[in-house]
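As stored in coords-v9.cif (mmCIF, C-alpha atoms):
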data_coords
#
loop_
_atom_site.label_atom_id
_atom_site.label_comp_id
_atom_site.auth_asym_id
_atom_site.auth_seq_id
_atom_site.Cartn_x
_atom_site.Cartn_y
_atom_site.Cartn_z
CA MET A 1367 38.11 129.31 136.16
CA MET A 1368 40.04 128.44 132.98
CA ILE A 1369 39.22 130.18 129.70
CA GLU A 1370 41.09 128.77 126.68
CA GLY A 1371 44.10 127.82 128.80
CA ARG A 1372 44.16 131.07 130.77
CA ARG A 1373 43.37 131.80 134.36
CA GLU A 1374 40.50 134.10 135.22
CA PRO A 1375 41.79 137.70 134.96
CA LYS A 1376 42.86 139.29 138.22
CA LEU A 1377 44.01 142.79 139.06
CA ARG A 1378 47.69 141.97 139.46
CA THR A 1379 49.61 145.11 138.61
CA THR A 1380 50.64 148.22 140.49
CA ASP A 1381 49.98 151.89 139.95
CA GLU A 1382 53.21 152.59 138.03
CA PRO A 1383 52.18 154.27 134.75
CA MET A 1384 52.78 151.30 132.43
CA SER A 1385 51.67 148.40 134.64
CA TRP A 1386 48.56 147.94 132.50
CA VAL A 1387 50.77 146.43 129.78
CA LEU A 1388 51.55 143.46 132.04
CA GLU A 1389 47.98 142.52 132.99
CA PRO A 1390 47.31 140.15 130.04
CA LEU A 1391 50.78 138.64 130.39
CA MET A 1392 50.24 137.83 134.06
CA ASP A 1393 47.20 135.75 133.07
CA ILE A 1394 49.32 133.35 130.98
CA PRO A 1395 49.83 130.09 132.89
CA HIS A 1396 53.33 129.83 134.42
CA VAL A 1397 54.19 133.54 134.06
CA ARG A 1398 55.39 134.61 137.51
CA HIS A 1399 56.58 138.23 137.34
CA GLY A 1400 56.60 141.13 134.95
CA VAL A 1401 58.39 144.47 134.64
CA VAL A 1402 58.20 147.35 132.19
CA LEU A 1403 61.35 149.42 132.28
CA ALA A 1404 62.76 152.43 130.54
CA SER A 1405 65.99 151.90 128.62
CA ASP A 1406 67.86 153.56 131.50
CA GLY A 1407 66.60 150.88 133.91
CA LEU A 1408 63.87 152.85 135.68
CA VAL A 1409 60.78 150.82 136.57
CA GLN A 1410 57.73 151.99 134.62
CA GLY A 1411 55.44 149.12 135.62
CA ARG A 1412 55.52 145.84 137.55
CA SER A 1413 53.34 142.98 138.63
CA THR A 1414 52.06 143.25 142.19
CA ASN A 1415 53.74 140.00 143.21
CA LEU A 1416 57.15 141.59 142.57
CA PRO A 1417 58.17 143.95 145.39
CA ARG A 1418 59.30 147.40 144.25
CA VAL A 1419 62.87 146.89 145.53
CA ASP A 1420 63.17 143.59 143.61
CA ALA A 1421 61.72 145.20 140.48
CA GLU A 1422 64.28 148.00 140.71
CA GLY A 1423 67.17 145.55 141.09
CA ALA A 1424 65.94 143.37 138.23
CA SER A 1425 65.39 146.44 136.03
CA ALA A 1426 68.95 147.61 136.53
CA MET A 1427 70.26 144.18 135.49
CA LEU A 1428 67.82 143.98 132.57
CA ALA A 1429 68.97 147.38 131.30
CA GLY A 1430 72.54 146.10 131.37
CA ILE A 1431 71.58 143.01 129.38
CA ILE A 1432 69.76 145.10 126.77
CA SER A 1433 72.65 147.55 126.49
CA SER A 1434 75.20 144.75 126.13
CA SER A 1435 73.00 143.00 123.57
CA ARG A 1436 72.77 146.18 121.47
CA GLY A 1437 76.53 146.49 121.40
CA LEU A 1438 77.00 142.80 120.66
CA LEU A 1439 74.58 142.91 117.73
CA GLY A 1440 76.31 145.98 116.36
CA ALA A 1441 79.73 144.34 116.66
CA PHE A 1442 78.64 141.17 114.88
CA ALA A 1443 76.72 143.11 112.23
CA GLY A 1444 79.76 145.29 111.55
CA SER A 1445 77.76 148.46 112.03
CA ASP A 1446 79.10 151.68 113.52
CA GLY A 1447 76.42 151.96 116.18
CA PRO A 1448 74.37 149.74 118.42
CA GLU A 1449 71.51 147.72 116.96
CA ASP A 1450 67.97 147.62 118.30
CA VAL A 1451 67.24 144.53 120.37
CA ARG A 1452 63.97 142.80 119.60
CA GLN A 1453 64.15 139.98 122.11
CA VAL A 1454 66.50 138.25 124.54
CA VAL A 1455 65.59 134.97 126.23
CA VAL A 1456 67.57 133.75 129.21
CA GLU A 1457 66.99 130.13 130.16
CA GLY A 1458 67.77 128.83 133.64
CA HIS A 1459 67.08 125.64 135.56
CA HIS A 1460 63.93 127.10 137.11
CA GLY A 1461 62.57 129.27 134.33
CA TYR A 1462 62.98 131.81 131.57
CA VAL A 1463 63.34 135.58 131.38
CA PHE A 1464 61.91 137.15 128.22
CA LEU A 1465 63.15 140.67 127.45
CA THR A 1466 61.44 142.35 124.54
CA GLY A 1467 62.25 145.80 123.23
CA ALA A 1468 59.23 148.05 123.00
CA GLY A 1469 60.75 150.86 120.98
CA ARG A 1470 64.02 152.61 121.77
CA ASN A 1471 63.00 153.62 125.26
CA ALA A 1472 61.07 150.74 126.80
CA VAL A 1473 61.48 147.04 127.53
CA ILE A 1474 58.91 144.48 128.65
CA ALA A 1475 60.34 141.62 130.71
CA VAL A 1476 58.57 138.58 132.14
CA TYR A 1477 59.84 135.73 134.27
CA THR A 1478 58.24 132.32 133.80
CA ASP A 1479 58.70 128.84 135.14
CA THR A 1480 59.90 126.02 132.89
CA ASP A 1481 56.41 124.69 132.10
CA VAL A 1482 55.39 127.82 130.18
CA ASP A 1483 54.38 127.69 126.52
CA LEU A 1484 57.18 129.77 124.99
CA GLY A 1485 55.21 130.49 121.83
CA VAL A 1486 52.25 131.88 123.75
CA VAL A 1487 54.49 134.17 125.80
CA ALA A 1488 56.37 135.43 122.73
CA HIS A 1489 53.10 136.13 120.89
CA GLU A 1490 51.36 137.85 123.79
CA VAL A 1491 54.39 140.02 124.58
CA GLN A 1492 54.41 141.20 120.94
CA VAL A 1493 50.71 142.06 121.20
CA GLN A 1494 51.45 144.17 124.28
CA VAL A 1495 54.48 145.81 122.63
CA LYS A 1496 52.20 147.01 119.82
CA LYS A 1497 49.62 148.33 122.31
CA LEU A 1498 52.34 150.11 124.27
CA GLY A 1499 53.72 151.64 121.07
CA ARG A 1500 50.29 152.94 120.08
CA ALA A 1501 49.71 154.37 123.56
CA MET A 1502 53.08 156.11 123.60
CA SER A 1503 52.59 157.63 120.14
CA THR A 1504 49.14 159.06 120.86
CA PRO A 1505 49.39 162.82 121.48
CA ALA A 1506 48.26 164.15 124.83
CA ARG A 1507 44.75 165.61 124.88
CA GLN A 1508 44.30 169.27 125.61
CA HIS A 1509 41.43 170.49 127.73
CA GLY A 1510 39.85 173.87 127.11
CA SER A 1511 42.47 175.57 124.95
CA GLY A 1512 41.37 174.10 121.62
CA ALA A 1513 45.00 174.15 120.47
CA VAL A 1514 46.33 170.92 119.06
CA GLY A 1515 49.75 169.93 120.34
CA ALA A 1516 49.97 172.81 122.80
CA VAL A 1517 51.46 172.05 126.18
CA SER A 1518 49.95 173.83 129.14
#
Kindly transcribe the structure held in the file into structure tokens.
Amino acid sequence: MMIEGRREPKLRTTDEPMSWVLEPLMDIPHVRHGVVLASDGLVQGRSTNLPRVDAEGASAMLAGIISSSRGLLGAFAGSDGPEDVRQVVVEGHHGYVFLTGAGRNAVIAVYTDTDVDLGVVAHEVQVQVKKLGRAMSTPARQHGSGAVGAVS
């Protein structure tokens, strides 16, 4: 069933802690795979159609691209340190890879085929980046102690 150009939602993510961020992205037509990774390259979430071993390999390469991009931006900007990377798009014969920084410690990456609407992907990734940022900045709830900010 199509709803405003989208496929009917399906449960298509894994149980890694940040896989929920990818669910709306996987419903965009022509998006094939998704990964959420920490800045050190560790997989934090992935789409179910991407085997764990492939997600780990891709995440290591994606972390390298982000790190190199930070240094490159800093070099061109003439700054002393690396710059934050907002987005990197890699275009190939068979598709695109979108890498979007989600704060200093997370990256959302999706792989699409060439028929994808680039504007829709860019917009929806930004929506998910904001949701991820809000989720990561919300303090953990405490049960029973009544203390705010206490860690048990």
Go through A:Gly1400, A:Pro1448, A:Gly1437, A:Pro1383 one by one, measure the shortest atom-to-atom distance of each to Val1473 of chain A using all atoms listed in the file, and give the residue with the smallest value.
A:Gly1400
All residues 12 Å or closer to segment 1409-1413 of chain A, only C-alpha atoms, same chain fewer than 4 positions away omitted, as JSON, numbers by chain:
{"A": [1376, 1377, 1378, 1379, 1380, 1381, 1382, 1383, 1384, 1385, 1386, 1387, 1388, 1389, 1390, 1391, 1392, 1393, 1397, 1398, 1399, 1400, 1401, 1402, 1403, 1404, 1405, 1417, 1418, 1419, 1420, 1421, 1422, 1423, 1424, 1425, 1426, 1427, 1428, 1429, 1471, 1472, 1473, 1474, 1475, 1476, 1477, 1498]}
Determine, counting only C-alpha atoms, which protein, DNA and RNA residues have an atom within 10 Å of an atom of Val1456 of chain A; residues of the same chain fewer than 4 positions away are not included. Present the result as a ChimeraX atom specification.
/A:1461-1465,1477
For each of A:Gly1444, A:His1460, A:His1396, A:Gln1453, take the minimum atom-to-atom distance to Val1495 of chain A, counting all atoms listed in the file, then give the residue where this is smallest.
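Of all the options, A:Gln1453 lies closest to Val1495 of chain A.
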Draw an axis-aligned box tight on the listed atoms of segment 1383-1395 of chain A, then pad every side by 3 Å and write out centre and edge lengths in Å to one decimal as lines of an AutoDock Vina configuration file.
center_x = 50.0
center_y = 142.2
center_z = 132.3
size_x = 11.6
size_y = 30.2
size_z = 11.0
Could you rebuild segment 1475-1505 of chain A with N, CA and C atoms and give it back as a short mmCIF file (atom, residue, chain, number, x, y, z; two decimals), in the frame of the given file?
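Dumped to selection_7.cif:
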data_model
loop_
_atom_site.label_atom_id
_atom_site.label_comp_id
_atom_site.auth_asym_id
_atom_site.auth_seq_id
_atom_site.Cartn_x
_atom_site.Cartn_y
_atom_site.Cartn_z
N ALA A 1475 59.66 142.84 130.27
CA ALA A 1475 60.34 141.62 130.71
C ALA A 1475 59.38 140.80 131.56
N VAL A 1476 59.37 139.49 131.31
CA VAL A 1476 58.57 138.58 132.14
C VAL A 1476 59.44 137.42 132.56
N TYR A 1477 59.18 136.92 133.76
CA TYR A 1477 59.84 135.73 134.27
C TYR A 1477 58.80 134.62 134.35
N THR A 1478 59.16 133.45 133.83
CA THR A 1478 58.24 132.32 133.80
C THR A 1478 58.89 131.11 134.42
N ASP A 1479 58.09 130.10 134.75
CA ASP A 1479 58.70 128.84 135.14
C ASP A 1479 58.90 127.99 133.89
N THR A 1480 59.50 126.83 134.05
CA THR A 1480 59.90 126.02 132.89
C THR A 1480 58.73 125.38 132.15
N ASP A 1481 57.56 125.33 132.75
CA ASP A 1481 56.41 124.69 132.10
C ASP A 1481 55.64 125.62 131.17
N VAL A 1482 56.09 126.84 131.00
CA VAL A 1482 55.39 127.82 130.18
C VAL A 1482 55.42 127.43 128.71
N ASP A 1483 54.40 127.84 127.98
CA ASP A 1483 54.38 127.69 126.52
C ASP A 1483 55.11 128.90 125.94
N LEU A 1484 56.34 128.67 125.47
CA LEU A 1484 57.18 129.77 124.99
C LEU A 1484 56.55 130.54 123.84
N GLY A 1485 55.85 129.84 122.96
CA GLY A 1485 55.21 130.49 121.83
C GLY A 1485 54.10 131.44 122.26
N VAL A 1486 53.32 131.02 123.25
CA VAL A 1486 52.25 131.88 123.75
C VAL A 1486 52.83 133.15 124.37
N VAL A 1487 53.88 132.99 125.17
CA VAL A 1487 54.49 134.17 125.80
C VAL A 1487 55.04 135.11 124.73
N ALA A 1488 55.79 134.58 123.78
CA ALA A 1488 56.37 135.43 122.73
C ALA A 1488 55.28 136.18 121.96
N HIS A 1489 54.20 135.49 121.63
CA HIS A 1489 53.10 136.13 120.89
C HIS A 1489 52.43 137.22 121.73
N GLU A 1490 52.08 136.89 122.95
CA GLU A 1490 51.36 137.85 123.79
C GLU A 1490 52.22 139.07 124.14
N VAL A 1491 53.52 138.88 124.32
CA VAL A 1491 54.39 140.02 124.58
C VAL A 1491 54.39 140.93 123.36
N GLN A 1492 54.44 140.37 122.15
CA GLN A 1492 54.41 141.20 120.94
C GLN A 1492 53.10 141.98 120.82
N VAL A 1493 52.00 141.36 121.20
CA VAL A 1493 50.71 142.06 121.20
C VAL A 1493 50.78 143.26 122.13
N GLN A 1494 51.36 143.07 123.31
CA GLN A 1494 51.45 144.17 124.28
C GLN A 1494 52.45 145.23 123.83
N VAL A 1495 53.52 144.84 123.17
CA VAL A 1495 54.48 145.81 122.63
C VAL A 1495 53.77 146.74 121.65
N LYS A 1496 52.93 146.18 120.78
CA LYS A 1496 52.20 147.01 119.82
C LYS A 1496 51.24 147.96 120.53
N LYS A 1497 50.54 147.46 121.56
CA LYS A 1497 49.62 148.33 122.31
C LYS A 1497 50.38 149.44 123.01
N LEU A 1498 51.52 149.11 123.59
CA LEU A 1498 52.34 150.11 124.27
C LEU A 1498 52.83 151.15 123.27
N GLY A 1499 53.26 150.71 122.10
CA GLY A 1499 53.72 151.64 121.07
C GLY A 1499 52.63 152.59 120.63
N ARG A 1500 51.42 152.07 120.46
CA ARG A 1500 50.29 152.94 120.08
C ARG A 1500 49.99 153.94 121.20
N ALA A 1501 50.02 153.48 122.44
CA ALA A 1501 49.71 154.37 123.56
C ALA A 1501 50.75 155.47 123.70
N MET A 1502 52.01 155.13 123.45
CA MET A 1502 53.08 156.11 123.60
C MET A 1502 53.13 157.09 122.44
N SER A 1503 52.56 156.73 121.29
CA SER A 1503 52.59 157.63 120.14
C SER A 1503 51.34 158.49 120.02
N THR A 1504 50.36 158.27 120.88
CA THR A 1504 49.14 159.06 120.86
C THR A 1504 49.41 160.40 121.54
N PRO A 1505 49.14 161.52 120.86
CA PRO A 1505 49.39 162.82 121.48
C PRO A 1505 48.50 163.05 122.69
#
